[in-house]
Every structure is written in structure tokens, then in C-alpha cells.
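Containing compact mmCIF, C-alpha atoms: query_22.txt.
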```txt
# COMPACT_ATOMS: atom_id res chain seq x y z
CA MET A 291 111.99 84.32 126.03
CA LEU A 292 110.71 85.66 122.75
CA VAL A 293 112.50 82.97 120.76
CA PRO A 294 110.77 79.56 120.97
CA ASP A 295 112.72 76.61 122.37
CA PHE A 296 112.84 74.60 119.17
CA VAL A 297 114.85 77.32 117.40
CA PRO A 298 118.56 76.41 117.61
CA ALA A 299 120.72 78.88 119.55
CA ILE A 300 122.99 79.47 116.55
CA THR A 301 120.03 80.61 114.42
CA ALA A 302 118.89 83.06 117.06
CA SER A 303 122.45 84.39 117.46
CA PHE A 304 122.55 85.36 113.77
CA TYR A 305 120.23 88.30 114.41
CA ILE A 306 122.76 90.89 115.60
CA PRO A 307 125.36 90.06 112.87
CA ALA A 308 122.59 90.34 110.26
CA ILE A 309 121.64 93.80 111.55
CA TYR A 310 125.32 94.82 111.38
CA VAL A 311 125.57 93.49 107.81
CA GLY A 312 122.51 95.54 106.87
CA ILE A 313 123.95 98.70 108.39
CA ILE A 314 127.34 98.17 106.70
CA VAL A 315 125.69 97.57 103.31
CA ALA A 316 123.60 100.72 103.76
CA PHE A 317 126.72 102.66 104.72
CA ILE A 318 128.53 101.51 101.57
CA GLY A 319 125.52 102.53 99.49
CA LEU A 320 125.28 105.95 101.14
CA MET A 321 129.03 106.53 100.63
CA GLY A 322 128.52 105.80 96.96
CA ILE A 323 125.62 108.24 96.79
CA ALA A 324 127.68 110.92 98.52
CA ILE A 325 130.61 110.52 96.12
CA GLU A 326 128.65 110.06 92.89
CA LYS A 327 127.52 113.11 90.94
CA ARG A 328 125.49 111.72 88.03
CA ASP A 329 121.76 111.39 88.75
CA ILE A 330 121.20 108.01 87.13
CA GLN A 331 124.10 106.50 89.09
CA ILE A 332 122.66 107.89 92.33
CA LEU A 333 119.33 106.24 91.52
CA ILE A 334 121.01 102.89 90.94
CA LEU A 335 123.07 103.22 94.13
CA THR A 336 119.92 104.00 96.11
CA ASP A 337 118.80 100.47 95.34
CA ILE A 338 121.71 99.22 97.48
CA VAL A 339 120.18 101.04 100.46
CA GLY A 340 116.86 99.37 99.65
CA LEU A 341 118.68 96.04 99.65
CA ALA A 342 120.03 96.83 103.13
CA MET A 343 116.43 97.48 104.22
CA LEU A 344 115.50 93.98 103.02
CA ILE A 345 118.44 92.52 104.97
CA VAL A 346 117.34 94.23 108.20
CA VAL A 347 113.73 93.08 107.75
CA ALA A 348 114.80 89.55 106.83
CA ALA A 349 117.06 89.34 109.90
CA THR A 350 114.00 88.92 112.11
CA GLY A 351 113.41 85.60 110.40
CA THR A 352 109.84 84.84 111.47
CA ASP A 353 106.92 84.15 109.15
CA LEU A 354 105.56 87.61 109.93
CA ALA A 355 108.88 89.15 108.85
CA GLU A 356 108.67 87.08 105.67
CA ALA A 357 105.28 88.63 105.01
CA LEU A 358 106.86 92.06 105.47
CA ILE A 359 109.60 91.50 102.88
CA LEU A 360 107.17 91.38 99.95
CA PRO A 361 105.57 94.81 100.59
CA GLY A 362 109.04 96.18 101.29
CA LEU A 363 110.28 94.91 97.94
CA VAL A 364 107.19 96.20 96.13
CA VAL A 365 107.52 99.64 97.73
CA GLU A 366 111.18 99.74 96.74
CA LEU A 367 110.35 98.82 93.13
CA ALA A 368 107.50 101.34 92.96
CA GLU A 369 109.72 104.12 94.24
CA ILE A 370 112.51 103.32 91.81
CA LEU A 371 109.98 103.27 88.94
CA ALA A 372 108.49 106.60 90.03
CA ILE A 373 111.88 108.30 90.35
CA SER A 374 113.16 106.93 87.04
CA GLU A 375 109.96 108.26 85.45
CA ILE A 376 110.75 111.67 86.94
CA LEU A 377 114.30 111.49 85.56
CA ILE A 378 113.07 110.53 82.07
CA SER A 379 110.48 113.29 81.98
CA ARG A 380 113.02 115.84 83.21
CA GLU A 381 115.49 114.88 80.49
CA MET A 382 112.70 115.11 77.90
CA ARG A 383 111.74 118.58 79.16
CA LYS A 384 115.37 119.66 79.00
CA ILE A 385 115.67 118.52 75.37
CA GLU A 386 112.36 120.23 74.55
CA ALA A 387 113.50 123.44 76.19
CA LYS A 388 116.65 123.33 74.08
CA ASN A 389 114.94 122.48 70.78
CA GLY A 390 111.80 124.54 71.19
CA ASN A 391 108.40 123.27 72.19
CA ASP A 392 107.16 122.08 68.79
CA ILE A 393 109.54 119.12 68.54
CA THR A 394 108.24 116.20 70.60
CA THR A 395 110.92 114.00 72.02
CA SER A 396 110.77 110.26 72.40
CA VAL A 397 111.71 108.39 75.54
CA PHE A 398 113.50 105.91 73.32
CA PRO A 399 116.18 107.84 71.48
CA LEU A 400 117.22 104.89 69.31
CA PRO A 401 115.02 102.63 67.15
CA LEU A 402 114.79 99.23 68.78
CA THR A 403 115.09 96.26 66.44
CA LEU A 404 115.39 92.70 67.62
CA ASP A 405 116.85 90.29 65.10
CA MET A 406 116.88 86.94 66.86
CA GLU A 407 116.21 83.60 65.25
CA VAL A 408 114.01 82.36 68.10
CA LEU A 409 111.50 85.10 67.40
CA THR A 410 110.77 83.77 63.89
CA THR A 411 111.13 80.00 64.17
CA ALA A 412 109.05 78.61 67.03
CA PRO A 413 107.49 81.33 69.19
CA ASN A 414 103.93 79.95 69.10
CA PHE A 415 104.97 76.57 70.46
CA ILE A 416 107.08 78.08 73.25
CA VAL A 417 104.28 80.51 74.14
CA LEU A 418 101.72 77.69 74.32
CA ILE A 419 103.98 75.68 76.63
CA MET A 420 104.58 78.73 78.83
CA LEU A 421 100.87 79.59 79.05
CA GLY A 422 99.93 76.00 79.86
CA PHE A 423 102.67 75.61 82.43
CA GLY A 424 101.73 78.96 83.97
CA ALA A 425 98.06 77.99 84.25
CA PHE A 426 99.14 74.69 85.82
CA LEU A 427 101.39 76.39 88.37
CA THR A 428 98.86 79.14 89.33
CA GLY A 429 99.76 81.80 91.85
CA PHE A 430 102.60 84.25 91.57
CA THR A 431 105.06 81.98 89.72
CA GLY A 432 102.43 80.82 87.25
CA GLY A 433 101.46 84.38 86.50
CA ALA A 434 105.07 85.32 85.85
CA VAL A 435 105.57 82.35 83.49
CA ALA A 436 102.31 82.95 81.57
CA GLY A 437 102.97 86.68 81.39
CA GLY A 438 106.45 85.96 80.03
CA GLY A 439 104.76 83.83 77.37
CA ILE A 440 102.47 86.69 76.34
CA LEU A 441 105.44 89.06 76.27
CA LEU A 442 107.41 86.70 74.02
CA TYR A 443 104.38 86.35 71.73
CA VAL A 444 103.96 90.10 71.37
CA ILE A 445 107.66 90.63 70.71
CA SER A 446 107.82 87.85 68.13
CA ARG A 447 104.72 89.08 66.27
CA LYS A 448 106.06 92.59 66.22
CA SER A 449 109.54 91.62 65.07
CA ARG A 450 107.98 89.81 62.08
CA GLY A 451 105.95 92.90 61.28
CA LEU A 452 102.56 91.24 61.92
CA PRO A 453 99.65 93.10 63.53
CA ILE A 454 98.78 92.41 67.15
CA ALA A 455 95.26 92.19 68.55
CA VAL A 456 95.21 94.79 71.28
CA ILE A 457 92.99 94.37 74.30
CA ASP A 458 92.47 97.79 75.80
CA GLY A 459 90.84 96.60 79.01
CA ILE A 460 93.82 94.50 80.03
CA SER A 461 94.57 96.62 83.06
CA GLY A 462 90.90 96.31 84.05
CA ILE A 463 91.25 92.53 84.05
CA SER A 464 94.30 92.90 86.24
CA GLY A 465 92.38 95.05 88.72
CA MET A 466 89.42 92.68 88.88
CA ALA A 467 91.68 89.66 89.36
CA TRP A 468 93.33 91.53 92.17
CA CYS A 469 89.92 91.99 93.82
CA LEU A 470 89.39 88.21 93.51
CA TRP A 471 92.67 87.69 95.30
CA ILE A 472 91.70 90.08 98.11
CA ILE A 473 88.26 88.45 98.53
CA GLY A 474 89.95 85.06 98.71
CA PHE A 475 92.23 86.36 101.44
CA LEU A 476 89.31 87.85 103.38
CA LEU A 477 87.44 84.54 103.20
CA PHE A 478 90.48 82.87 104.76
CA PHE A 479 90.05 85.00 107.86
CA LEU A 480 86.26 85.10 108.04
CA THR A 481 85.37 81.50 107.21
CA PRO A 482 88.34 79.16 107.64
CA GLU A 483 86.12 76.17 106.69
CA LEU A 484 86.09 77.36 103.07
CA TRP A 485 89.88 77.24 102.84
CA LEU A 486 89.94 75.32 99.57
CA LEU A 487 87.64 77.80 97.81
CA SER A 488 89.57 80.78 99.16
CA LEU A 489 92.89 79.18 98.22
CA PHE A 490 91.74 78.71 94.64
CA MET A 491 90.24 82.20 94.48
CA ALA A 492 93.50 83.71 95.69
CA ALA A 493 95.68 81.55 93.41
CA CYS A 494 93.59 82.10 90.27
CA GLY A 495 93.22 85.80 91.00
CA LEU A 496 96.97 86.08 91.40
CA VAL A 497 97.77 84.18 88.19
CA LEU A 498 95.37 86.41 86.21
CA LYS A 499 96.75 89.55 87.83
CA VAL A 500 100.43 88.82 87.24
CA THR A 501 99.76 87.52 83.70
CA SER A 502 97.85 90.60 82.69
CA LYS A 503 100.43 92.84 84.36
CA ILE A 504 103.30 91.35 82.36
CA GLY A 505 101.09 91.22 79.27
CA LEU A 506 100.60 94.93 79.80
CA ILE A 507 104.35 95.42 79.40
CA GLY A 508 103.93 93.73 76.02
CA THR A 509 101.26 96.24 75.00
CA MET A 510 103.42 99.12 76.13
CA MET A 511 106.39 97.70 74.22
CA ARG A 512 104.24 97.72 71.12
CA GLU A 513 103.77 101.45 71.49
CA GLU A 514 107.52 101.89 71.74
CA TYR A 515 108.07 99.81 68.60
CA LYS A 516 105.86 102.12 66.58
CA ARG A 517 108.43 104.86 67.03
CA GLU A 518 110.86 103.18 64.64
CA MET B 16 102.29 106.06 127.88
CA ASP B 17 99.15 104.00 127.84
CA ILE B 18 96.56 104.29 125.10
CA ALA B 19 93.89 105.95 127.25
CA SER B 20 96.01 108.94 128.26
CA LEU B 21 97.24 109.44 124.67
CA GLY B 22 94.07 109.05 122.68
CA GLY B 23 91.17 109.11 125.12
CA ASP B 24 89.01 106.24 126.28
CA LEU B 25 89.18 103.06 124.29
CA LEU B 26 86.05 102.78 122.16
CA GLY B 27 86.56 99.18 121.13
CA THR B 28 88.89 96.68 119.48
CA ILE B 29 88.62 94.80 116.19
CA PRO B 30 90.40 91.45 116.70
CA LEU B 31 91.62 90.11 113.35
CA GLY B 32 93.80 87.23 114.48
CA ASP B 33 97.30 88.56 115.14
CA ILE B 34 96.38 92.14 114.28
CA VAL B 35 94.22 93.81 116.92
CA LEU B 36 92.87 97.11 115.66
CA TYR B 37 91.65 99.56 118.26
CA LEU B 38 89.64 102.77 118.13
CA THR B 39 90.03 105.88 120.28
CA PRO B 40 88.39 109.34 119.93
CA PHE B 41 91.78 110.73 118.82
CA HIS B 42 92.03 108.32 115.89
CA LEU B 43 88.43 108.79 114.88
CA PHE B 44 88.76 112.58 114.94
CA MET B 45 91.92 112.55 112.81
CA PHE B 46 90.39 110.02 110.43
CA VAL B 47 87.26 112.12 109.90
CA VAL B 48 89.27 115.35 109.48
CA VAL B 49 91.45 113.79 106.78
CA LEU B 50 88.40 112.36 105.02
CA ILE B 51 86.70 115.78 105.04
CA PHE B 52 89.82 117.39 103.55
CA THR B 53 90.02 114.66 100.93
CA GLY B 54 86.39 115.29 100.00
CA LEU B 55 87.02 119.02 99.72
CA ILE B 56 90.01 118.40 97.47
CA ALA B 57 88.04 115.92 95.35
CA ILE B 58 85.34 118.48 94.50
CA SER B 59 87.58 121.52 94.10
CA ARG B 60 88.93 122.96 90.87
CA SER B 61 92.55 123.59 90.02
CA GLU B 62 94.05 127.07 90.32
CA THR B 63 95.79 129.00 87.58
CA GLN B 64 99.10 130.54 88.50
CA VAL B 65 99.87 134.02 87.23
CA GLU B 66 103.53 134.83 86.84
CA ALA B 67 104.73 138.37 86.25
CA SER B 68 106.94 138.59 83.20
CA PHE B 69 110.28 140.34 83.27
CA LYS B 70 110.69 143.60 81.26
CA THR B 71 107.12 143.54 79.89
CA LEU B 72 103.69 144.33 81.27
CA LYS B 73 102.23 140.98 80.24
CA ASP B 74 101.35 138.22 82.69
CA ASN B 75 102.21 134.61 82.11
CA LYS B 76 99.39 132.24 83.07
CA VAL B 77 100.34 128.70 84.01
CA SER B 78 97.25 126.50 83.89
CA VAL B 79 96.78 122.77 84.19
CA GLY B 80 95.42 120.72 81.30
CA LEU B 81 92.39 118.45 81.72
CA GLU B 82 94.34 115.18 81.45
CA GLU B 83 96.93 116.28 83.98
CA PHE B 84 94.17 117.66 86.22
CA LYS B 85 92.40 114.29 86.29
CA ILE B 86 95.53 112.31 87.10
CA ARG B 87 96.55 114.78 89.77
CA ARG B 88 93.11 114.76 91.38
CA PHE B 89 93.10 110.97 91.44
CA LEU B 90 96.54 110.85 93.05
CA ALA B 91 95.51 113.50 95.58
CA ILE B 92 92.47 111.44 96.58
CA VAL B 93 94.62 108.31 96.93
CA CYS B 94 97.05 110.32 99.05
CA GLY B 95 94.18 111.48 101.27
CA LEU B 96 92.91 107.93 101.68
CA ALA B 97 96.41 106.69 102.54
CA THR B 98 96.69 109.43 105.15
CA ALA B 99 93.31 108.45 106.57
CA GLY B 100 94.48 104.84 106.72
CA ALA B 101 97.64 105.89 108.55
CA MET B 102 95.47 107.76 111.07
CA ILE B 103 93.30 104.81 112.03
CA THR B 104 95.53 101.76 111.66
CA GLY B 105 96.51 99.85 114.78
CA ASP B 106 99.30 97.91 113.14
CA LEU B 107 102.82 99.29 113.04
CA PHE B 108 103.76 97.82 109.70
CA ASN B 109 100.54 98.97 108.05
CA PHE B 110 101.39 102.44 109.30
CA THR B 111 104.85 102.31 107.69
CA LEU B 112 103.33 101.05 104.45
CA PHE B 113 100.81 103.91 104.42
CA VAL B 114 103.64 106.37 105.02
CA THR B 115 105.68 105.01 102.11
CA LEU B 116 102.55 105.10 99.93
CA ILE B 117 102.20 108.79 100.78
CA GLY B 118 105.86 109.29 99.85
CA ILE B 119 105.46 107.63 96.44
CA ILE B 120 102.26 109.53 95.65
CA ASN B 121 103.82 112.86 96.62
CA VAL B 122 106.42 112.22 93.93
CA GLY B 123 103.69 111.11 91.54
CA ILE B 124 101.56 114.23 91.98
CA VAL B 125 104.30 116.52 90.71
CA SER B 126 105.80 114.09 88.18
CA ALA B 127 103.73 115.39 85.24
CA VAL B 128 104.69 119.06 85.52
CA LYS B 129 106.70 120.87 82.89
CA GLN B 130 108.98 122.94 85.11
CA ILE B 131 112.48 121.47 85.24
CA ASP B 132 113.15 122.95 88.70
CA VAL B 133 110.13 121.17 90.17
CA LEU B 134 111.18 117.89 88.58
CA ASP B 135 114.66 118.34 90.06
CA ALA B 136 113.16 118.85 93.52
CA ALA B 137 110.86 115.85 93.08
CA TYR B 138 113.86 113.72 92.10
CA ASN B 139 115.77 114.77 95.22
CA TYR B 140 112.74 114.16 97.40
CA GLY B 141 112.26 110.74 95.84
CA ILE B 142 115.87 109.79 96.54
CA ILE B 143 115.46 110.87 100.19
CA ALA B 144 112.20 108.91 100.44
CA MET B 145 113.87 105.82 99.06
CA ILE B 146 116.80 106.06 101.45
CA ALA B 147 114.38 106.71 104.33
CA SER B 148 112.62 103.42 103.69
CA LEU B 149 115.65 101.70 105.28
CA PRO B 150 115.19 103.22 108.78
CA LEU B 151 111.39 103.08 108.40
CA PHE B 152 111.05 99.37 107.63
CA GLY B 153 114.18 98.52 109.58
CA GLY B 154 112.82 100.24 112.70
CA ALA B 155 109.49 98.43 112.38
CA SER B 156 111.19 95.07 111.96
CA ILE B 157 113.53 95.71 114.92
CA ILE B 158 110.48 96.50 117.06
CA LEU B 159 108.89 93.30 115.79
CA ALA B 160 112.03 91.35 116.71
CA SER B 161 112.26 92.84 120.22
CA THR B 162 108.56 92.65 121.15
CA GLY B 163 107.28 89.75 119.08
CA THR B 164 104.28 91.66 117.78
CA LEU B 165 103.45 94.54 115.45
CA SER B 166 100.08 95.36 116.99
CA LEU B 167 100.27 98.68 118.84
CA PHE B 168 97.56 97.45 121.20
CA GLU B 169 99.81 94.57 122.27
CA ILE B 170 102.95 96.75 122.40
CA ALA B 171 101.14 99.17 124.74
CA LYS B 172 100.65 96.32 127.24
CA ILE B 173 104.40 95.67 127.53
CA ALA B 174 105.56 97.29 130.78
CA THR B 175 109.25 97.99 130.10
CA THR B 176 111.16 99.41 127.15
CA ALA B 177 114.05 97.27 125.97
CA PRO B 178 117.07 99.10 124.48
CA MET B 179 116.37 97.60 121.06
CA MET B 180 112.83 99.01 121.20
CA THR B 181 114.23 102.50 121.76
CA PHE B 182 116.68 101.97 118.89
CA GLY B 183 113.83 100.83 116.65
CA ALA B 184 111.72 103.83 117.64
CA ILE B 185 114.57 106.24 116.79
CA LEU B 186 114.99 104.57 113.40
CA LEU B 187 111.24 104.82 112.87
CA LEU B 188 111.31 108.55 113.61
CA ILE B 189 114.16 109.11 111.13
CA GLY B 190 112.29 107.08 108.55
CA ILE B 191 109.03 108.99 108.96
CA ALA B 192 110.85 112.34 108.84
CA GLY B 193 112.56 111.35 105.61
CA GLU B 194 109.52 109.80 103.99
CA THR B 195 107.20 112.74 104.66
CA GLY B 196 109.95 115.29 104.02
CA THR B 197 109.72 117.16 107.32
CA ALA B 198 112.27 119.16 109.25
CA PRO B 199 115.82 118.13 108.24
CA PHE B 200 114.77 117.01 104.78
CA PHE B 201 112.41 119.86 104.03
CA ALA B 202 114.79 121.54 101.60
CA SER B 203 114.31 118.71 99.11
CA LYS B 204 110.54 119.10 99.24
CA ALA B 205 109.97 122.84 99.46
CA GLU B 206 110.66 123.49 95.79
CA MET B 207 107.91 121.05 94.81
CA PHE B 208 105.24 123.53 95.91
CA ARG B 209 105.96 125.86 93.01
CA THR B 210 103.88 123.55 90.84
CA PRO B 211 100.57 124.98 89.56
CA GLY B 212 97.41 123.18 90.66
CA SER B 213 97.13 124.28 94.24
CA PRO B 214 94.52 122.18 96.08
CA PHE B 215 96.17 118.97 94.99
CA ILE B 216 99.58 120.18 96.04
CA LEU B 217 98.20 121.03 99.47
CA ILE B 218 97.57 117.35 100.24
CA ILE B 219 101.37 116.87 100.25
CA HIS B 220 101.57 119.29 103.18
CA LEU B 221 98.48 118.01 104.95
CA SER B 222 99.49 114.36 104.79
CA SER B 223 102.93 115.00 106.28
CA LEU B 224 101.45 117.13 109.11
CA MET B 225 98.87 114.52 110.05
CA VAL B 226 101.33 111.64 109.78
CA ILE B 227 103.77 113.39 112.10
CA ILE B 228 101.05 113.82 114.76
CA ARG B 229 100.12 110.15 114.55
CA ALA B 230 103.79 109.13 114.54
CA ILE B 231 104.37 110.95 117.83
CA GLU B 232 101.52 109.00 119.39
CA ILE B 233 102.95 105.72 118.09
CA LEU B 234 106.46 106.55 119.32
CA LEU B 235 105.07 107.39 122.78
CA ILE B 236 103.25 104.05 122.84
CA ILE B 237 106.47 102.18 121.98
CA VAL B 238 108.89 104.11 124.21
CA LYS B 239 107.50 104.43 127.73
CA VAL B 240 109.38 107.51 128.88
CA ILE B 241 106.65 109.11 130.95
```
Full structure transcribed into C-alpha cells:
Amino acid sequence: MLVPDFVPAITASFYIPAIYVGIIVAFIGLMGIAIEKRDIQILILTDIVGLAMLIVVAATGTDLAEALILPGLVVELAEILAISEILISREMRKIEAKNGNDITTSVFPLPLTLDMEVLTTAPNFIVLIMLGFGAFLTGFTGGAVAGGGILLYVISRKSRGLPIAVIDGISGISGMAWCLWIIGFLLFFLTPELWLLSLFMAACGLVLKVTSKIGLIGTMMREEYKRE
Amino acid sequence: MDIASLGGDLLGTIPLGDIVLYLTPFHLFMFVVVLIFTGLIAISRSETQVEASFKTLKDNKVSVGLEEFKIRRFLAIVCGLATAGAMITGDLFNFTLFVTLIGIINVGIVSAVKQIDVLDAAYNYGIIAMIASLPLFGGASIILASTGTLSLFEIAKIATTAPMMTFGAILLLIGIAGETGTAPFFASKAEMFRTPGSPFILIIHLSSLMVIIRAIEILLIIVKVI
């Protein structure tokens, strides 16, 4: 009675097998965690359990469940980032405790040099195409493409030893664009007549947000490069 | 149980399309209490731990630097706001998201400390929190699949409890216990409290206590045992 009539019976019958698949995947992941002793391996194996969570949520298969997958994925990513940060800082503290407090340790133990031909021959052209295509796409995908362009630009400049103009407020732009996105979403609910305006607000806010987020990775990479 | 006998008389609903938020005196009280605690933590100063040294008469003071203090205060305020959101939300999935937010921030609050033991405990707690997101989100989605809605106001109107709803509620309980680090998983979290910077560490305790109280109400709404 909960499933509408136009849904084929075979689609509805996939629900229980999907739940079983999720539980089996989670069980495999948990077995791995129980057997494994190294911390970094446990962290990677925990991602399998997160994958099982996505399977169980996706098994519901409605549009509401689809809207739940994205926060689930984001939460999973945020947790894995937070725990890996904890691991890194613990390893740094261990090295510091061994060497004495005056020696500062780097997160990157090895100097990172990229010697690829594509970084010296035609990065500007590729970056322009990626930025233009990203602005044309708008939304999440466009932001990812444009942000990838910025990232490539930063890496190519740095690998040629050229200075990079640094924008310090880049995370501020990301936050403000995010507010634009939220306001666009609110307008959708409050005044459905203005759907075109709210759609464009949400899409442009999202493209700015994702672009500046990935561009931010570029700025952080620059700091790592300095350690050479 | 129905909403009135759990949280007092219904003060009103906020219909936002599919999501119907509702207010009861119970929610409002918890919301205000958490906000007051968050305000107290926001204006308080960090403590300085004094450790007795072995074989000498000197004391070892462990204080918190300004940079670390600012980050920790910010995270503590965010944790308080997330707890307040979990108190007042009428949507099951929003509740689970608030709970996971609390879990992430709890790891974040202690992530900047220098003690290796505390970082070890935070790592273990983080692993438990990550694993617990499977029963948490899985339970919420199973309840969505068996009732067709995530609004607690709508779920409370359903007269009978299907077996899948009970299964989802049990998963939800396991998930909340893991995410907030209560009873069976407390060992992973207890060591985290040895961090200096007391008022901000307290929000870790407070959030899990409040979330457990709200979670019991939600579970009683979903499973109609009485």
C-alpha cells in the first residue's frame, strides 16, 4: 500500500535483497576491522561500512531517499577527514616526542615534485576551457569542473616556479555563495512563483561554492609545496 | 505513545511541505536549556590543568594557547547549536544528521591537543562514530521505507507498529549510542576528557546526555509499546 501502483513489482521486491547486501557488505568490513591491526588500514576499512550505509539508504529508492544519500555521503567524508587529521597529528606528536620539542615535523615527509609535460605546455588553455565549461554547466558539476581548472592552474604555476596570486578571503567567498544557495532554496518553498530566480540563485551559489572549495585545495597545496 | 503524553500539549505545528515541525513544552524546555548552556560556555574562560610531577615538588601546568582556545570555543558553540537543533527538530533524518554533526565535532574539539593518549582515544571514538553511522542512517531509512514519511508528527499518527519499524528503531538506538559514545561504547570516549580546557570539553558530555533523552522520546513515538 505504501508503494504506488505504477512501480513494477520487481522493483519493489528488490528492497529486501538490497538490505541484505548492505548488511553483508557491512559484515565484511567489520570482519576486516576486527582482524586488521594497523590504524590506517582500519580507517580505510571503515569506509566500507560507510558504503554499506549508503546501500541501505539507497535501497529505499524514493526521491526522499535520494536526498538523504548526499548528506550521508558528506557526513562520511567529513568523518574520514576528521579521523585522518587526528591520525596525522598523533603521528606528528609521536615524532616530536621522540626528537624533542624544538624540531617541528612536517605532515609531508617527502618533497613533492611534479615533472609532467602537461604542466608546462598548455595549462592556460586547458584552464580557460575548464572554467568556461564549468560556468556554462553551473551547479555542482560546473563547480567541480571549474575548481579542477583552478587547481590545475595553481599546480602548473607552482611546478614552473612562478609566483601565485593568493586570495586570502577565498573561504569567505565560499561561505557567502553557500548562503546564496540556501536563500535560493528557501525561496523555492516560500514563493514557488519565483522558481526561475531561485533556481539560478541556487545554481550560481553552488558553482561559486564548489569552485572556491576546490580552489582552496590549490591554495593549501601551495603551502605544502613551500616545504621543499 | 502519542505526542501529548510524551511531551505535553501540542503548542503548534510548522508545516513546511513534507516536513511538519511541531512544538511541545518538552522540546522548548530542552531547547532553551541547551541554548543557556551554550551561552555559558561561549562566555567562559578555559581552565588550566595542574599535574603533580613525579619525584619532585614542582607542579606541571597544562594551559591552552589562544589559537587553540578560539578554535575549541567555536567548535563547542557549534556543538551546542547542533544539540539544540536535535532537541527541537521534528524530522527524523534531521535528527540523525544533528547527531552525526555532534559526533564529528566531538572529535574535532580534542583533535588539536598535544597528548598522544587523548589523540588515541579520539581516534577510537571517531572509528566507532563512523561505524555507528551505518545503523543510524540505515535505521532512519528503514523507518522511511516502512512508513513512507520521516516526519515524527506523521509517524505518531500511525496506529500500529510494523516489524520493520521496530527493526529500524533498534538500529537507530544502536546508532545513537555509538555516535554519542554512551553506555557500551563509553570506553572509547572516556579518555578524551583528560584534555585541558574544561568548559569546552563538558559540551561533549552535555550533548550526549541531551541527545539520549530526546532519542528515547523519538523511539517511543516510533514504537508504540505502551
Do me a favour and pick out the residues of chain B within 10 Å of chain A, using only C-alpha atoms, as number ranges by chain.
-> B: 31-33, 108-109, 111-112, 115-116, 118-120, 122-123, 125-135, 137-165
Å distance separating atom CA of A:Ile318 from atom CA of B:Ile117, one decimal place =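 Atom CA of B:Ile117 lies 27.3 Å from atom CA of A:Ile318.
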What separation in Å, quoted to one decimal, exists between atom CA of B:Gly95 and atom CA of A:Leu498?
-> 29.3 Å
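The interatomic distance for the pair atom CA of B:Leu187 and atom CA of B:Ile231 works out to 10.5 Å.
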Nearest-residue call for B:Leu221, choices B:Ala99, B:Leu72, B:Ala192, B:Leu26, using all atoms listed in the file =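 Between B:Ala99, B:Leu72, B:Ala192, B:Leu26, the residue approaching B:Leu221 most closely is B:Ala99.
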Find, counting all atoms listed in the file, the residue in B:Glu169, B:Glu82, B:Glu194, B:Asp24 that gets nearest to B:Gly105.
->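 Of all the options, B:Glu169 lies closest to B:Gly105.
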Long-range neighbours of A:Gly433 as number ranges by chain, 8 Å cut-off, only C-alpha atoms, 4 positions minimum in chain | A: 424-425, 428-429, 437, 496-501
Export of the given selection (C-alpha atoms) as a CSV table (one decimal), keeping the file's coordinate frame:
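See out-v3.csv below for the written result:
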```
chain,number,residue,atom,x,y,z
A,424,GLY,CA,101.7,79.0,84.0
A,425,ALA,CA,98.1,78.0,84.2
A,428,THR,CA,98.9,79.1,89.3
A,429,GLY,CA,99.8,81.8,91.8
A,437,GLY,CA,103.0,86.7,81.4
A,496,LEU,CA,97.0,86.1,91.4
A,497,VAL,CA,97.8,84.2,88.2
A,498,LEU,CA,95.4,86.4,86.2
A,499,LYS,CA,96.8,89.6,87.8
A,500,VAL,CA,100.4,88.8,87.2
A,501,THR,CA,99.8,87.5,83.7
```
Once you add 8 Å to each side, what are the centre and edge lengths of the axis-aligned box holding all listed atoms of stretch 36-47 of chain B? One decimal in Å, as AutoDock Vina command-line options, if you can.
```
--center_x 90.1 --center_y 104.8 --center_z 115.1 --size_x 21.6 --size_y 31.5 --size_z 26.4
```
Neighbourhood query: residues within 12 Å of (105.7, 108.9, 129.7), file coordinates, counting only C-alpha atoms; return as a PyMOL selection string.
-> chain B and resi 16-18+20-21+171+174-176+232+234-241
Do you know which residues are at most 9 Å from B:His42 counting all atoms listed in the file, after dropping those on the same chain fewer than 3 positions away, and could you put them as a PyMOL selection string?
-> chain B and resi 22+38-39+45-47+102-104+229
Which residue of B:Thr71, B:Ser166, B:Gly54, B:Val77 approaches B:Pro30 most closely, using only C-alpha atoms |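 Nearest candidate to B:Pro30 out of B:Thr71, B:Ser166, B:Gly54, B:Val77: B:Ser166.
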